[in-house]
Every structure is written in C-alpha cells, then in structure tokens.
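Below is one structure, written out as structure tokens; comments come after it.
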Amino acid sequence: MAKVKCMVRGGVATSLIFLVVLFASCKQTESGGDKPRIKSSNAKVNSVMVGSQPLDIMKDESELQEFYVDEDAEESELLSQIVVVFEDANAKKEIVGENEGVFEKKPHEEKVYTINTFAENGTKGKSYKIKLIRFIIDKTIEIKAPSSPFKSGLEFSFKPDYMALGNGRTIDFESYKIAKYEVTYKLWKEVYDVAKSNGYTFSWEPPTKEVKKEDLLKPIVNINWADALIWCNAYSEYKKSKGLDFSPLYVKEGTEEVLKNAKEFQDIMKASILLNRQGVRLPTEVEWEVASRGGDVTKPEWKYDFAGIHEGTKLGEYAWYDSNSGSKFHRVGEKKPNSIGLCDMSGNAGEFCFDFITLEKPFKQEGIVVNPVGFKAGSVPSRVEKGGNVHKEAKHLKLANRTAVILIPAIEEDGFRFVEAKNTKPFTYEQEPEGCKVEEIKVGDTVFTKDQLSTLEGATVNVSSTPTTIIVKYSGASSGATLKVNKETPVSFTSGVATTSVETKKKTNSVILAVSDIGNKTVSWTFTIANSNGEDNPLPPPPPPPGP
C-alpha cells in the first residue's frame, strides 16, 4: 500500500471516516481500478554513460572504473551527466558519494561514487563503482595581442640578439590560445587513433604493452618534431569532425595541400601556415615564452627566471626537474601554475616550438617583427625546445633558455603543448645572413674599396716598413665579428672598424686575412705584402753531409 501521511483534525469519529475514505482512495489508485497491478522486479541495465564516456556494465561490481570530467563543473552538474538506461522505464538509480566533501575544482582531484540500481518494486539490482577525476585535457588560455609593438625589457647576461625576446627586438603578435597543460598521452592517443583511420601517418608507434592508468595523464614524450606537427593537423581535423570551426593549418610550401605524413621530412621542414583559418599548431618560440612569462610585459612575472616563480629555492613548488622528479615524468598539472594558469612551462617534459634554430645566428634587431619565427630550415635543420625537463638542473629550466635539437629522431625527454589561433598577418621569418659586409680594407697606405675587394685576392701590396697596419671597415657587424691575420689572435670590431698589424720584415710576406661574424659566412683573402726595405729571404740550409 502506498505510504500516506495524514494530519488528523477534529473528533475521533470524523477522523475514522476520513481514514476509511482515504484508504479506499489509495487502494483504488494503486490497483488501477478493478485490475490489480504488480510492480515490476526488473532492474536490468542496458547502458550507463558518464557524460560522453560509456561504462562497461559487464565488469564486476567491485571493479572501479575511472572517468575524466570537466575540472570547472559543479558536482551536481557532474552527477546529472550520469545516465542509466534500464530495460524497464520504471526502474531507478541512486548515486552515493563515498568521499566526504565536494570537489574543489582542481586538476586530478578524485571522488568515488557508487551507482545503485533498483527495480520498481524496490528490489536492488546491480551496483557500479566509479571514480570521477577532474581534468580538462585540452583546456586553453588566451594570450591577447599587445596594444602596440613592444620591446621585452629583459636584460640577458648572454648575447641578447640571439634571444627570442632579445633586448633590441620590437615585437608584435596576434592573439592566440595556448594549452594549459602539456599534451597528455591520453589526448595524443585519442587523436592519433582517429587520425590513423583518416589517412595520417606517424613515425611514432604505440607501445606494445598497455599503458598504465596512472601514466595516461603524463605528457606524451619520445616523439619527434615532425610527429607533433602532423598531430596538430590531425587535431584540427578531429575538432572539425565535432562540428567546430577548425581546419588543418600546416600545408606544403606554396600550396594548400594539407600535410598528413610525418615521414615526409622535406615537406615538413618547409611547411607553411595557412592564414585566416582557425586551427591547432605548435607555438612559435616567442608565443611560448610570452605565455610562460604571463603574457603581459608590464607585470612583475614578465621578468621571472622561471614560469610562476623567480627564486630557484622555491622552484620545486612549480616544476619537476632533476632535484625532485626522480628522473620520471609526472602527471601534468600537479605543480603550481604561473599567474595565468599555465602548468609545467618549466620542467616535466621539454616542449617543441615551431621555429627552426641556429644557435650561432643572431636575430635581426632593427624594425618591428610581426608574428616572429626563427630561421627557416637549413641543410641540417634543428628546432627549438623550451622549458627544460625532469632530467635537467634548475638553470636549464629558465624561460630564456633555448635548446636546438635536430628534426627527425624521437626525443625521449620532449613533448609539446599546442596553440589554437587564427592568424591574419603573415609570419616574419628571420633571414639567413648574406655574409660578412666588408666595406673597405686598408693595407699600409693602399686602400681597397668595396668594389675593389675582389682584386685583393692574390695581389701584391707594396710597403716600405714593418710592421704593416691593416684596417678593415665593416657594416652591420655584431658583437661577434672578428678580424684575423694568419695565426694571430683575432681582433674584435668596434663601431664597425677593426685594426691589426703584421710583421713584414722580409721582402715578401704571405698574408691570410679573414673576417668572420658569428652566423655569417667567413670571408678571406690570401695576398703578399712586399717590403722594399725588407730582409732578403735566407738561403735554404745546406743539405746534410753524405753518409759513410
């Protein structure tokens, strides 16, 4: 009989009459008129979904099943996403939380629930134990374009014109979103599996053994740069299949042919980025470093050595590195983020950037560079890796640090995070240096102008005294430009001029003059200085006496 709660008022007789009428009414309703109805005892479950993730209803009741859920969702919202479909529509579910308290909305927070099922007549059906783990595997954070082109204001103790945010460069860039976390194995594999069925080819192959659950949210590593680039195209296509306005961005140079094969290295080295399309790609080195510094040149964190922290003594709160990692990679997001919420920008896995890099080549310092990218690939291409990793000392985790690693082999310590962007302005690539720009060479009193420099090779220059002074004028020299005569110590250029001297005591003196600048092609001339007042060349020594 249905449970009824009544409030009794007035005398006893009135109450008795009321109860009789009410009992009859309830009995009539329950029986459905003249035909008695028996409640169903069917508690069979057809399916259980936790959000978009299916629960395996065939597993044993005591086996805990894990599900990754939105770290920003309220607990009530998460529970409402647990949908149980019964064979009998009148069956019910009950969700009981086994942990006290509610989620605090932070990565990797876990809570265990039991889903109990009941038939209409109250008979208990099967139960399922689930663990909800808060985590957004593809969450991004927006970095807004600067209000105007800016200089970094960073002061480096090492060659600033070699740094992505070098002191002298004036930089402008467009808004973009960057992944809050390094790409996890879980996300990598999910996209990889779909991509393989859509004609994508990777050098990376899945491990032969099943990956442990605790490793799914560690960064994907032991991949090569080409795989990361192709995965970004695959992820754009994956998002597009979900109804989002995304398109692959990396194409063959001079075409709109989407790159899908990570083994076609020559095409990948020369990959172009399509403009005016929303897509996923690798960050440029400037984008990576701007984000790691908090995205705002006016804030204190901009000048921090590490992501989120300036003092190395507290680095362990923000980063996994050689002192605290145990030489093992850790789940992303376990350490404190920087001021805008980005995790593991220092430490854990090293991170690929799109740029190719030559550590011996300085960046252009004059003018404004828009959406700056490093040098294009050369004959032996290297790409930029940022952030350091679990095997590195603290000094290697500094944000300004840049590492060059060649393109093709898989790198055990390296993974990446992605950028979502829709660029409308072309990227500015650094141009390869054209060679040393020698304007004039003066040997003694003889001057060779820029147009006459070719005549210095193999020439004879007359002098009348020793030593002979050599002066070289150079335009656009960096701090690494030097002048060298024969095997003497190189002389540095100051304000575009370098002066040295060479002993010319003999009537004929051979000279090799070389001018070099780091990152530029060394140029040299071999010529003779004839000293009219010099000593005659000594005769060769007499031959040894004949033997006995």
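Simple scheme: letters A, B, ... for chains in structure tokens order, numbers from 1 for residues in each chain, numbers from 1 for ligands in the order shown.
The residue set within 7 Å of stretch 490-505 of chain A, counting only C-alpha atoms and dropping same-chain residues fewer than 2 places from it, reads A:Thr466, A:Pro467, A:Thr468, A:Thr469, A:Ile470, A:Ile471, A:Val472, A:Lys473, A:Tyr474, A:Ser475, A:Ala477, A:Ala481, A:Thr482, A:Leu483, A:Lys484, A:Glu488, A:Lys507, A:Asn509, A:Asn531, A:Gly534, A:Glu535.
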- Message: According to DSSP computed on the backbone, where in stretch 258-506 of chain A is there strand (DSSP E or B)? Give the residues as a PyMOL selection string.
- Response: chain A and resi 258+261+272-273+279-281+306+309+350-356+368-370+372-373+382-386+403-406+411+414-415+419-421+428-429+438-443+446-449+460-463+468-474+482-485+491-492+494+497-502+506
- Could you pull out all residues of stretch 71-147 of chain A with a DSSP call of alpha helix (DSSP H) and give them as a PyMOL selection string? chain A and resi 75-80
Selection from above, all heavy atoms, as a JSON list (two decimals), in the first residue's frame, can you write it?
[["chain", "number", "residue", "atom", "x", "y", "z"],
["A", 75, "GLU", "N", 29.65, 19.79, -8.79],
["A", 75, "GLU", "CA", 29.43, 18.36, -8.54],
["A", 75, "GLU", "C", 28.03, 17.93, -8.97],
["A", 75, "GLU", "O", 27.86, 16.86, -9.57],
["A", 75, "GLU", "CB", 29.64, 18.06, -7.06],
["A", 75, "GLU", "CG", 29.55, 16.58, -6.74],
["A", 75, "GLU", "CD", 29.95, 16.26, -5.31],
["A", 75, "GLU", "OE1", 29.95, 17.19, -4.47],
["A", 75, "GLU", "OE2", 30.27, 15.10, -5.03],
["A", 76, "SER", "N", 27.04, 18.75, -8.72],
["A", 76, "SER", "CA", 25.67, 18.39, -9.12],
["A", 76, "SER", "C", 25.56, 18.25, -10.63],
["A", 76, "SER", "O", 24.83, 17.39, -11.14],
["A", 76, "SER", "CB", 24.69, 19.46, -8.62],
["A", 76, "SER", "OG", 25.02, 20.74, -9.16],
["A", 77, "GLU", "N", 26.29, 19.10, -11.35],
["A", 77, "GLU", "CA", 26.29, 19.01, -12.82],
["A", 77, "GLU", "C", 26.93, 17.71, -13.28],
["A", 77, "GLU", "O", 26.47, 17.06, -14.23],
["A", 77, "GLU", "CB", 27.04, 20.22, -13.40],
["A", 77, "GLU", "CG", 27.07, 20.25, -14.92],
["A", 77, "GLU", "CD", 27.91, 21.40, -15.46],
["A", 77, "GLU", "OE1", 28.30, 22.28, -14.66],
["A", 77, "GLU", "OE2", 28.17, 21.40, -16.68],
["A", 78, "LEU", "N", 28.02, 17.32, -12.61],
["A", 78, "LEU", "CA", 28.69, 16.08, -12.98],
["A", 78, "LEU", "C", 27.77, 14.88, -12.76],
["A", 78, "LEU", "O", 27.68, 13.98, -13.59],
["A", 78, "LEU", "CB", 29.97, 15.92, -12.16],
["A", 78, "LEU", "CG", 31.08, 16.95, -12.41],
["A", 78, "LEU", "CD1", 32.23, 16.73, -11.44],
["A", 78, "LEU", "CD2", 31.58, 16.87, -13.85],
["A", 79, "LEU", "N", 27.07, 14.86, -11.62],
["A", 79, "LEU", "CA", 26.20, 13.73, -11.32],
["A", 79, "LEU", "C", 25.01, 13.67, -12.27],
["A", 79, "LEU", "O", 24.51, 12.58, -12.59],
["A", 79, "LEU", "CB", 25.72, 13.81, -9.87],
["A", 79, "LEU", "CG", 26.83, 13.75, -8.80],
["A", 79, "LEU", "CD1", 26.23, 13.71, -7.41],
["A", 79, "LEU", "CD2", 27.75, 12.56, -9.02],
["A", 80, "SER", "N", 24.57, 14.83, -12.73],
["A", 80, "SER", "CA", 23.44, 14.83, -13.68],
["A", 80, "SER", "C", 23.84, 14.24, -15.03],
["A", 80, "SER", "O", 22.98, 13.86, -15.83],
["A", 80, "SER", "CB", 22.93, 16.26, -13.86],
["A", 80, "SER", "OG", 23.86, 17.06, -14.60]]
- Message: One number please: atom CA of A:His330 to atom CA of A:Glu214, in Å, one decimal.
- Response: 9.2 Å
Please produce, as a tab-separated table, a per-residue contact table for stretch 103-167 of chain A versus stretch 343-367 of chain A (criterion: any atom at most 12 Å away, only C-alpha atoms considered), showing the nearest atom pair and its distance in Å to one decimal, sorted by chain then residue number.
residue	atom	partner	partner_atom	distance
A:Pro107	CA	A:Cys343	CA	10.4
A:Lys139	CA	A:Cys343	CA	11.3
A:Thr140	CA	A:Cys343	CA	11.1
A:Ile141	CA	A:Cys343	CA	10.9
A:Pro149	CA	A:Gly367	CA	10.3
A:Phe150	CA	A:Gly367	CA	11.1
A:Lys151	CA	A:Gln365	CA	10.5
A:Phe158	CA	A:Pro362	CA	11.8
A:Lys159	CA	A:Pro362	CA	8.4
A:Pro160	CA	A:Pro362	CA	8.5
A:Asp161	CA	A:Pro362	CA	5.3
A:Tyr162	CA	A:Pro362	CA	4.4
A:Met163	CA	A:Phe363	CA	7.4
A:Ala164	CA	A:Phe363	CA	7.8
A:Leu165	CA	A:Phe363	CA	9.7
A:Gly166	CA	A:Gln365	CA	8.2
A:Asn167	CA	A:Gln365	CA	8.5
